[in-house]
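File shown here: query-v2.cif, holding mmCIF, C-alpha atoms.
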```cif
data_start
loop_
_atom_site.label_atom_id
_atom_site.label_comp_id
_atom_site.auth_asym_id
_atom_site.auth_seq_id
_atom_site.Cartn_x
_atom_site.Cartn_y
_atom_site.Cartn_z
CA MET D 18 -4.03 -2.98 -29.31
CA VAL D 19 -6.40 -2.43 -26.37
CA PHE D 20 -3.56 -3.19 -23.97
CA VAL D 21 -1.20 -0.64 -25.57
CA CYS D 22 -3.91 2.04 -25.77
CA SER D 23 -4.73 1.45 -22.09
CA LEU D 24 -1.10 2.00 -21.10
CA VAL D 25 -0.81 5.16 -23.21
CA VAL D 26 -3.98 6.74 -21.81
CA PHE D 27 -3.20 5.83 -18.22
CA ALA D 28 0.38 7.11 -18.55
CA ALA D 29 -0.86 10.39 -20.01
CA LEU D 30 -3.22 10.92 -17.08
CA LEU D 31 -0.66 9.86 -14.49
CA PHE D 32 2.43 11.75 -15.66
CA ALA D 33 0.87 14.91 -17.11
CA ARG D 34 2.25 17.98 -15.29
CA LEU D 35 3.64 15.71 -12.60
CA GLY D 36 6.05 18.36 -11.36
CA HIS D 37 3.76 21.36 -11.84
CA TYR D 38 2.66 21.73 -8.22
CA ALA D 39 5.00 22.13 -5.27
CA LEU D 40 5.41 19.24 -2.85
CA TRP D 41 2.87 19.28 -0.04
CA GLY D 42 3.76 18.66 3.63
CA ASP D 43 4.30 14.89 3.78
CA GLU D 44 5.86 14.84 0.31
CA ALA D 45 8.34 17.54 1.28
CA TYR D 46 9.08 15.65 4.50
CA THR D 47 9.88 12.46 2.56
CA ALA D 48 11.88 14.38 -0.06
CA LEU D 49 14.01 16.04 2.64
CA PHE D 50 14.96 12.63 3.98
CA GLY D 51 15.81 11.65 0.42
CA LYS D 52 18.21 14.59 0.43
CA THR D 53 19.80 13.53 3.73
CA ILE D 54 20.28 10.02 2.31
CA ARG D 55 22.30 11.53 -0.54
CA GLN D 56 24.34 13.57 1.89
CA THR D 57 24.87 11.09 4.74
CA GLY D 58 23.67 7.69 3.55
CA ASP D 59 20.85 7.55 6.13
CA THR D 60 17.60 9.26 7.07
CA THR D 61 19.05 11.77 9.48
CA VAL D 62 17.25 14.97 10.53
CA LEU D 63 20.43 16.97 9.89
CA VAL D 64 20.49 18.56 6.43
CA ASP D 65 23.35 20.32 4.63
CA GLY D 66 25.98 19.20 7.08
CA GLY D 67 23.90 20.10 10.13
CA LYS D 68 23.15 23.68 9.02
CA ASN D 69 19.44 22.84 8.95
CA VAL D 70 17.27 20.46 10.96
CA ILE D 71 14.13 18.72 9.69
CA THR D 72 11.10 19.20 11.90
CA ALA D 73 7.52 18.32 11.09
CA MET D 74 4.12 17.41 12.43
CA PHE D 75 3.75 20.23 14.92
CA GLY D 76 7.28 19.83 16.22
CA SER D 77 6.89 16.11 16.87
CA ILE D 78 10.06 15.08 15.01
CA ASP D 79 11.56 13.85 18.28
CA LYS D 80 8.82 11.20 18.39
CA LEU D 81 9.87 9.90 14.97
CA THR D 82 13.59 9.67 15.56
CA VAL D 83 16.09 7.49 17.37
CA GLY D 84 18.94 9.86 18.06
CA VAL D 85 19.13 11.93 14.88
CA TYR D 86 17.81 9.15 12.61
CA GLU D 87 14.22 8.90 11.44
CA ARG D 88 13.08 5.36 12.21
CA SER D 89 9.26 5.52 12.40
CA ASN D 90 8.65 5.44 8.65
CA ALA D 91 9.86 2.77 6.25
CA PRO D 92 12.81 4.12 4.22
CA LEU D 93 12.16 2.94 0.65
CA PRO D 94 10.18 6.02 -0.54
CA ALA D 95 13.04 8.26 0.64
CA TRP D 96 15.58 5.94 -1.01
CA LEU D 97 13.69 6.20 -4.32
CA ILE D 98 13.56 9.98 -4.08
CA ALA D 99 17.26 10.11 -3.22
CA GLY D 100 18.05 8.24 -6.42
CA SER D 101 15.81 10.27 -8.74
CA THR D 102 16.77 13.67 -7.30
CA ALA D 103 20.46 12.75 -7.53
CA LEU D 104 19.98 12.36 -11.29
CA LEU D 105 17.37 15.05 -12.00
CA GLY D 106 17.91 17.62 -9.26
CA ASP D 107 15.89 18.79 -6.26
CA ASN D 108 12.50 19.45 -7.83
CA ALA D 109 8.94 18.17 -7.58
CA LEU D 110 9.08 16.18 -10.82
CA ALA D 111 12.19 14.27 -9.75
CA ALA D 112 10.73 13.55 -6.30
CA ARG D 113 7.48 12.17 -7.70
CA LEU D 114 8.85 10.32 -10.72
CA LEU D 115 9.82 6.91 -9.29
CA PRO D 116 6.80 6.50 -6.96
CA ALA D 117 4.54 7.38 -9.90
CA LEU D 118 6.43 4.99 -12.18
CA LEU D 119 5.90 2.11 -9.74
CA GLY D 120 2.21 3.00 -9.58
CA PHE D 121 2.09 2.86 -13.38
CA LEU D 122 3.77 -0.55 -13.35
CA ALA D 123 1.09 -1.80 -10.94
CA PHE D 124 -1.55 -0.86 -13.51
CA ALA D 125 0.51 -2.36 -16.36
CA LEU D 126 0.81 -5.68 -14.52
CA LEU D 127 -2.93 -5.83 -13.91
CA ALA D 128 -3.67 -4.92 -17.53
CA TRP D 129 -1.24 -7.60 -18.79
CA GLN D 130 -2.77 -10.22 -16.50
CA THR D 131 -6.28 -9.24 -17.60
CA ARG D 132 -5.27 -9.35 -21.27
CA ARG D 133 -4.33 -13.01 -20.88
CA ALA D 134 -7.76 -13.96 -19.52
CA ARG D 135 -10.74 -15.16 -21.55
CA HIS D 136 -12.36 -12.21 -23.39
CA GLY D 137 -9.05 -10.46 -22.64
CA ALA D 138 -9.59 -7.41 -24.87
CA LEU D 139 -12.95 -6.60 -23.28
CA ALA D 140 -11.65 -7.24 -19.75
CA CYS D 141 -8.59 -5.08 -20.39
CA ALA D 142 -10.76 -2.27 -21.73
CA LEU D 143 -13.04 -2.41 -18.68
CA LEU D 144 -10.01 -2.38 -16.36
CA ALA D 145 -8.57 0.63 -18.22
CA ILE D 146 -11.85 2.53 -17.97
CA ALA D 147 -12.14 1.74 -14.27
CA CYS D 148 -8.56 2.82 -13.49
CA CYS D 149 -8.45 5.85 -15.78
CA CYS D 150 -11.68 7.14 -14.25
CA ASN D 151 -10.52 6.47 -10.67
CA VAL D 152 -9.36 9.92 -9.56
CA PRO D 153 -8.09 8.83 -6.08
CA LEU D 154 -5.99 6.09 -7.69
CA LEU D 155 -4.26 8.59 -9.98
CA LEU D 156 -3.83 11.23 -7.27
CA PHE D 157 -2.29 8.79 -4.80
CA MET D 158 0.08 7.40 -7.44
CA ARG D 159 1.27 10.92 -8.32
CA GLN D 160 2.59 11.65 -4.83
CA ALA D 161 6.17 11.45 -3.60
CA ARG D 162 5.08 9.12 -0.84
CA TYR D 163 4.65 5.40 -0.24
CA PHE D 164 1.39 5.02 -2.17
CA GLY D 165 2.72 4.12 -5.64
CA PRO D 166 5.38 1.69 -4.39
CA ALA D 167 2.92 0.04 -1.98
CA MET D 168 0.37 -0.42 -4.80
CA PHE D 169 3.06 -1.99 -6.97
CA PHE D 170 4.33 -4.44 -4.36
CA VAL D 171 0.80 -5.40 -3.20
CA THR D 172 -0.15 -6.09 -6.83
CA VAL D 173 2.96 -8.22 -7.48
CA ILE D 174 2.51 -10.23 -4.28
CA THR D 175 -1.16 -10.82 -5.06
CA LEU D 176 -0.51 -11.95 -8.64
CA VAL D 177 2.05 -14.50 -7.43
CA TYR D 178 -0.02 -15.60 -4.44
CA ILE D 179 -3.15 -16.44 -6.45
CA LYS D 180 -1.27 -18.91 -8.66
CA PRO D 181 -2.13 -22.53 -7.78
CA ARG D 182 1.49 -23.55 -8.37
CA VAL D 183 4.51 -21.37 -7.66
CA SER D 184 7.81 -21.78 -9.54
CA TRP D 185 11.19 -20.80 -8.12
CA ARG D 186 11.04 -17.63 -10.25
CA ASP D 187 7.66 -16.79 -8.76
CA ALA D 188 9.09 -17.41 -5.29
CA ALA D 189 12.00 -15.03 -5.99
CA VAL D 190 9.61 -12.33 -7.21
CA PHE D 191 7.40 -12.90 -4.16
CA THR D 192 10.41 -12.49 -1.86
CA VAL D 193 11.59 -9.26 -3.48
CA ALA D 194 8.08 -7.78 -3.49
CA THR D 195 7.48 -8.75 0.15
CA VAL D 196 10.71 -7.12 1.29
CA GLY D 197 9.86 -4.13 -0.88
CA LEU D 198 6.45 -3.74 0.77
CA TYR D 199 8.01 -4.03 4.22
CA LEU D 200 10.50 -1.28 3.40
CA THR D 201 7.75 0.87 1.87
CA HIS D 202 5.14 1.06 4.64
CA TYR D 203 5.10 -0.93 7.86
CA LEU D 204 1.37 -0.60 8.51
CA SER D 205 0.37 -1.69 5.00
CA PHE D 206 2.76 -4.63 5.23
CA PHE D 207 1.27 -5.87 8.50
CA VAL D 208 -2.39 -5.43 7.51
CA PHE D 209 -1.89 -6.94 4.06
CA PHE D 210 -0.16 -10.07 5.32
CA VAL D 211 -2.76 -10.64 8.03
CA THR D 212 -5.33 -10.47 5.23
CA LEU D 213 -3.28 -12.90 3.16
CA ALA D 214 -3.06 -15.30 6.12
CA VAL D 215 -6.84 -15.28 6.54
CA ASP D 216 -7.33 -15.93 2.82
CA TYR D 217 -4.82 -18.76 2.90
CA PHE D 218 -6.49 -20.66 5.74
CA ALA D 219 -10.02 -19.87 4.54
CA PHE D 220 -9.54 -20.54 0.82
CA LYS D 221 -6.14 -21.16 -0.77
CA ARG D 222 -4.97 -24.13 1.30
CA ARG D 223 -8.10 -26.10 0.43
CA LEU D 224 -8.90 -24.85 -3.08
CA ASP D 225 -5.35 -24.93 -4.48
CA GLY D 226 -4.07 -27.86 -2.41
CA PHE D 227 -1.27 -25.59 -1.18
CA PRO D 228 0.02 -27.16 2.07
CA VAL D 229 1.24 -25.14 5.06
CA ARG D 230 4.84 -26.33 4.69
CA ARG D 231 4.94 -25.03 1.10
CA MET D 232 3.50 -21.68 2.18
CA LEU D 233 6.07 -21.42 4.97
CA ALA D 234 8.84 -22.22 2.48
CA LEU D 235 7.54 -19.44 0.23
CA LEU D 236 7.50 -16.95 3.11
CA ALA D 237 10.77 -17.97 4.80
CA PRO D 238 13.32 -16.08 2.63
CA ALA D 239 11.33 -12.83 2.78
CA ALA D 240 10.79 -13.23 6.52
CA ALA D 241 14.53 -13.69 7.08
CA ILE D 242 15.43 -10.59 5.06
CA CYS D 243 12.71 -8.50 6.73
CA LEU D 244 14.02 -9.63 10.12
CA VAL D 245 17.47 -8.32 9.20
CA PHE D 246 16.00 -4.93 8.28
CA LEU D 247 13.92 -4.97 11.46
CA ILE D 248 17.09 -5.42 13.53
CA LEU D 249 18.99 -2.76 11.57
CA LEU D 250 16.26 -0.10 11.48
CA ASN D 251 14.03 -1.21 14.37
CA PRO D 252 11.08 1.20 14.17
CA MET D 253 9.94 -0.08 17.58
CA GLN D 254 12.59 2.13 19.17
CA SER D 255 10.85 5.36 18.17
CA GLU D 256 8.34 7.01 20.48
CA TRP D 257 5.89 7.33 17.57
CA ILE D 258 5.56 3.55 17.30
CA LYS D 259 5.77 2.85 21.04
CA ASP D 260 3.17 5.50 21.89
CA GLY D 261 0.77 4.61 19.10
CA GLY D 262 1.05 7.73 16.91
CA MET D 263 1.24 11.49 17.14
CA HIS D 264 -1.43 11.78 19.83
CA GLY D 265 -0.02 9.06 22.09
CA LYS D 266 -1.78 5.84 22.98
CA SER D 267 -5.32 5.86 21.72
CA GLY D 268 -8.13 6.19 24.20
CA ASP D 269 -10.53 4.64 21.69
CA GLY D 270 -12.76 1.89 22.98
CA LEU D 271 -14.97 -0.58 21.18
CA ARG D 272 -17.56 2.09 20.34
CA GLU D 273 -14.97 4.33 18.67
CA LYS D 274 -13.44 1.44 16.76
CA LEU D 275 -16.86 0.40 15.44
CA MET D 276 -17.48 4.00 14.38
CA LEU D 277 -14.13 4.11 12.59
CA TRP D 278 -14.84 0.77 10.89
CA TRP D 279 -18.06 2.23 9.49
CA TRP D 280 -16.32 5.45 8.52
CA GLN D 281 -13.75 3.47 6.48
CA TRP D 282 -16.53 2.13 4.24
CA ARG D 283 -18.46 5.40 4.21
CA ASP D 284 -15.41 7.45 3.23
CA MET D 285 -14.22 4.94 0.64
CA ASN D 286 -17.54 5.68 -1.05
CA THR D 287 -17.34 9.44 -0.38
CA CYS D 288 -13.77 9.67 -1.72
CA GLU D 289 -14.69 7.44 -4.68
CA HIS D 290 -12.26 4.64 -3.82
CA VAL D 291 -15.12 2.23 -4.45
CA SER D 292 -18.86 2.86 -4.50
CA PHE D 293 -21.50 1.33 -2.25
CA GLY D 294 -23.38 0.31 -5.38
CA MET D 295 -20.41 -1.67 -6.67
CA LEU D 296 -19.94 -3.36 -3.30
CA VAL D 297 -23.59 -4.40 -3.17
CA LEU D 298 -23.46 -5.58 -6.80
CA THR D 299 -20.32 -7.62 -6.11
CA LEU D 300 -21.92 -9.22 -3.06
CA GLY D 301 -25.05 -10.04 -5.06
CA CYS D 302 -23.05 -11.56 -7.94
CA ALA D 303 -20.94 -13.61 -5.53
CA ALA D 304 -24.09 -15.05 -3.94
CA TRP D 305 -25.99 -15.60 -7.21
CA PHE D 306 -23.15 -17.14 -9.24
CA ARG D 307 -21.39 -18.72 -6.25
CA ASP D 308 -18.14 -17.30 -7.55
CA ARG D 309 -15.27 -18.17 -5.21
CA TRP D 310 -13.05 -15.36 -6.52
CA LEU D 311 -15.68 -12.75 -5.73
CA TRP D 312 -16.14 -14.24 -2.26
CA ARG D 313 -12.40 -14.22 -1.69
CA GLY D 314 -12.25 -10.57 -2.71
CA ILE D 315 -15.14 -9.63 -0.42
CA VAL D 316 -13.64 -11.48 2.56
CA ALA D 317 -10.21 -9.96 1.89
CA ALA D 318 -11.63 -6.43 1.79
CA LEU D 319 -13.56 -7.02 5.03
CA VAL D 320 -10.49 -8.42 6.79
CA TYR D 321 -8.21 -5.64 5.54
CA VAL D 322 -10.54 -2.87 6.70
CA THR D 323 -11.18 -4.59 10.04
CA VAL D 324 -7.51 -5.19 10.83
CA LEU D 325 -6.62 -1.66 9.71
CA THR D 326 -9.29 -0.24 11.99
CA ILE D 327 -7.84 -2.14 14.95
CA VAL D 328 -4.18 -1.21 14.45
CA THR D 329 -4.40 2.22 12.80
CA PRO D 330 -2.62 5.12 14.52
CA GLN D 331 -5.68 7.26 13.82
CA GLU D 332 -7.55 8.24 16.99
CA VAL D 333 -11.29 8.85 16.86
CA LYS D 334 -12.00 10.07 20.38
CA ASN D 335 -12.04 13.89 20.52
CA ASN D 336 -10.04 14.07 17.31
CA THR D 337 -11.87 13.40 14.03
CA THR D 338 -15.11 12.51 12.28
CA VAL D 339 -13.62 10.96 9.12
CA ALA D 340 -11.48 7.94 8.30
CA ASP D 341 -7.87 8.37 7.19
CA VAL D 342 -8.49 6.67 3.83
CA ARG D 343 -4.87 7.06 2.69
CA TYR D 344 -4.09 3.85 4.58
CA LEU D 345 -6.41 2.06 2.15
CA ALA D 346 -4.50 3.35 -0.90
CA PRO D 347 -2.38 0.20 -1.42
CA LEU D 348 -5.57 -1.73 -2.22
CA LEU D 349 -6.88 0.72 -4.85
CA PRO D 350 -5.60 -1.10 -7.95
CA LEU D 351 -7.17 -4.35 -6.70
CA LEU D 352 -10.53 -2.78 -5.83
#
```

Show me, as structure tokens, the structure contained in the file I just sent.
Amino acid sequence: MVFVCSLVVFAALLFARLGHYALWGDEAYTALFGKTIRQTGDTTVLVDGGKNVITAMFGSIDKLTVGVYERSNAPLPAWLIAGSTALLGDNALAARLLPALLGFLAFALLAWQTRRARHGALACALLAIACCCNVPLLLFMRQARYFGPAMFFVTVITLVYIKPRVSWRDAAVFTVATVGLYLTHYLSFFVFFVTLAVDYFAFKRRLDGFPVRRMLALLAPAAAICLVFLILLNPMQSEWIKDGGMHGKSGDGLREKLMLWWWQWRDMNTCEHVSFGMLVLTLGCAAWFRDRWLWRGIVAALVYVTVLTIVTPQEVKNNTTVADVRYLAPLLPLL
């Protein structure tokens, strides 16, 4: 009963008036490429048979393209929008529907997993309260962008990864979710799997008796498929990737990176991703109860934020005083 009520309340908050507001800049940009996929089969900048041309980000579209094809951003969000708008028309609701649905499924998976734990009803209720009261989580999921799909795939991969034993069905799900995350957002894919690698060598290999050869066997099919997509789409050809973002190669040094690392934590608290109080409480509980799962979560969060700070396209020097917390969105359901 608690599980069903949680899904109903979360769905009501997530889908209410989903198409009421017009698409904002990045949403419209993604939706336009969804339209070109319907028209040409690929993410070309030419719309309506070449009558219109997509330009964005202060005229920097040439940085994002290889020829007339957009190659800097992973294509899955545009593919999803192409499918939904083909059925429901070119409108905000259709563009946002599938990304929001995948975000909802991420919550449903977590609620189902929590329901199966000891004191499942109470744990599920606490999870529902935490997620339903997490405004950034709901707002990110509601966008026609990569946030909802990335949350879904990160959640699926994590739920399979934490199992001590992995069946062939689990391995198939892991492969599909890994490829899905790769095709959703390249940066999130890279940072998440570096974090997973650190957790594996620091915890999982020893605690679960999960040998390296078995981990490599689990990763091999997904790696092969991702390599095929890398060859076909090759984002490394675009100037955006080669130059390190819209502003070119970052001039940030160690001082700026340390500042940005601090800003990530500060702005996660400011934007209510997760509070400082909860972080301190989690750290205290991990130390007091010697809970390995809490320690694994703390280490994973530290690694994710650190790696993101190193590889992010965001430039601090002469450019900003806040962290671009949207790159942390894929972790929101797990926080």

Give me the region 29-113 of chain D side of the contact with region 134-152 of chain D, cut-off 12 Å, one line per residue showing its nearest atom pair and distance in Å at one decimal, counting all atoms listed in the file, sorted by chain and residue number, as a tab-separated table.
```
residue	atom	partner	partner_atom	distance
D:Ala29	CA	D:Cys149	CA	9.8
D:Leu30	CA	D:Cys149	CA	7.4
D:Leu31	CA	D:Cys149	CA	8.9
```

Task: Using all atoms listed in the file: which of D:Val85, D:Ala167, D:Leu122, D:Val320 has the shortest distance to Thr53 (chain D) - done: D:Val85

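Take the candidates D:Val208, D:Met158, D:Leu247, D:Val173 and check each one against Thr326 (chain D) using only C-alpha atoms; the shortest distance goes to D:Val208.
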
- [ ] To verify the selection step, state as JSON, numbers by chain which residues the PyMOL selection byres ((chain D and resi 278-291) around 10) yields on this input.
- [x] {"D": [151, 152, 153, 154, 272, 273, 274, 275, 276, 277, 292, 293, 294, 295, 296, 319, 322, 323, 324, 325, 326, 327, 338, 339, 340, 341, 342, 343, 344, 345, 346, 348, 349, 350, 352]}

- [ ] Record the distance separating CA of Met232 (chain D) and CA of Leu127 (chain D), expressed in Å with one decimal.
- [x] 23.5 Å

Task: Near-Leu119 (chain D) list (8 Å; only C-alpha atoms; drop same-chain fewer than 5 positions) as JSON, numbers by chain - done: {"D": [165, 166, 168, 169]}

- [ ] Could you tell me how far CA of Pro238 (chain D) lies from CA of Ala117 (chain D), in Å and to one decimal?
- [x] 28.0 Å

- [ ] Would you kindly return, as number ranges by chain, each protein, DNA or RNA residue with an atom no farther than 9 Å from any atom of Leu300 (chain D), considering all atoms listed in the file and excluding same-chain residues fewer than 5 positions away?
- [x] D: 295, 305, 311-312, 315

- [ ] Kindly resolve the PyMOL selection byres ((chain D and resi 94) around 12) on the present coordinates and return the residues as a PyMOL selection string.
- [x] chain D and resi 43-52+54+60+90-93+95-101+112-117+119+160-167+197-202

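Atom to atom, CA of Phe206 (chain D) and CA of Tyr38 (chain D) stand 29.6 Å apart.
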
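Residues matched by the PyMOL selection byres ((chain D and resi 250) around 12) in this file: Asp59, Thr60, Thr82, Val83, Tyr86, Glu87, Arg88, Ser89, Asn90, Ala91, Pro92, Leu93, Tyr199, Leu200, Tyr203, Cys243, Leu244, Val245, Phe246, Leu247, Ile248, Leu249, Asn251, Pro252, Met253, Gln254 and Ser255 of chain D.
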
Region 89-193 of chain D residues near region 226-231 of chain D within 12 Å, closest pair each, using all atoms listed in the file, as CSV:
```
residue,atom,partner,partner_atom,distance
D:Tyr178,CA,D:Phe227,CA,10.6
D:Ile179,CA,D:Phe227,CA,10.7
D:Lys180,CA,D:Phe227,CA,10.0
D:Pro181,CA,D:Phe227,CA,7.3
D:Arg182,CA,D:Phe227,CA,8.0
D:Val183,CA,D:Arg231,CA,9.5
D:Ser184,CA,D:Arg231,CA,11.5
D:Trp185,CA,D:Arg231,CA,11.9
D:Ala188,CA,D:Arg231,CA,10.8
```

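If you count all atoms listed in the file and ignore residues fewer than 4 places along the chain from Phe209 (chain D), what sits within 8 Å of it is Val171, Ser205, Leu213 and Tyr321 of chain D.
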
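With distances restricted to only C-alpha atoms, D:Val196 is the closest residue to Phe170 (chain D) from D:Val196, D:Val215, D:Leu298, D:Ala28.
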
Task: Nearest residue to Phe191 (chain D) from the set D:Val333, D:Leu104, D:Val21, D:Ile174 (distances using all atoms listed in the file) - done: D:Ile174
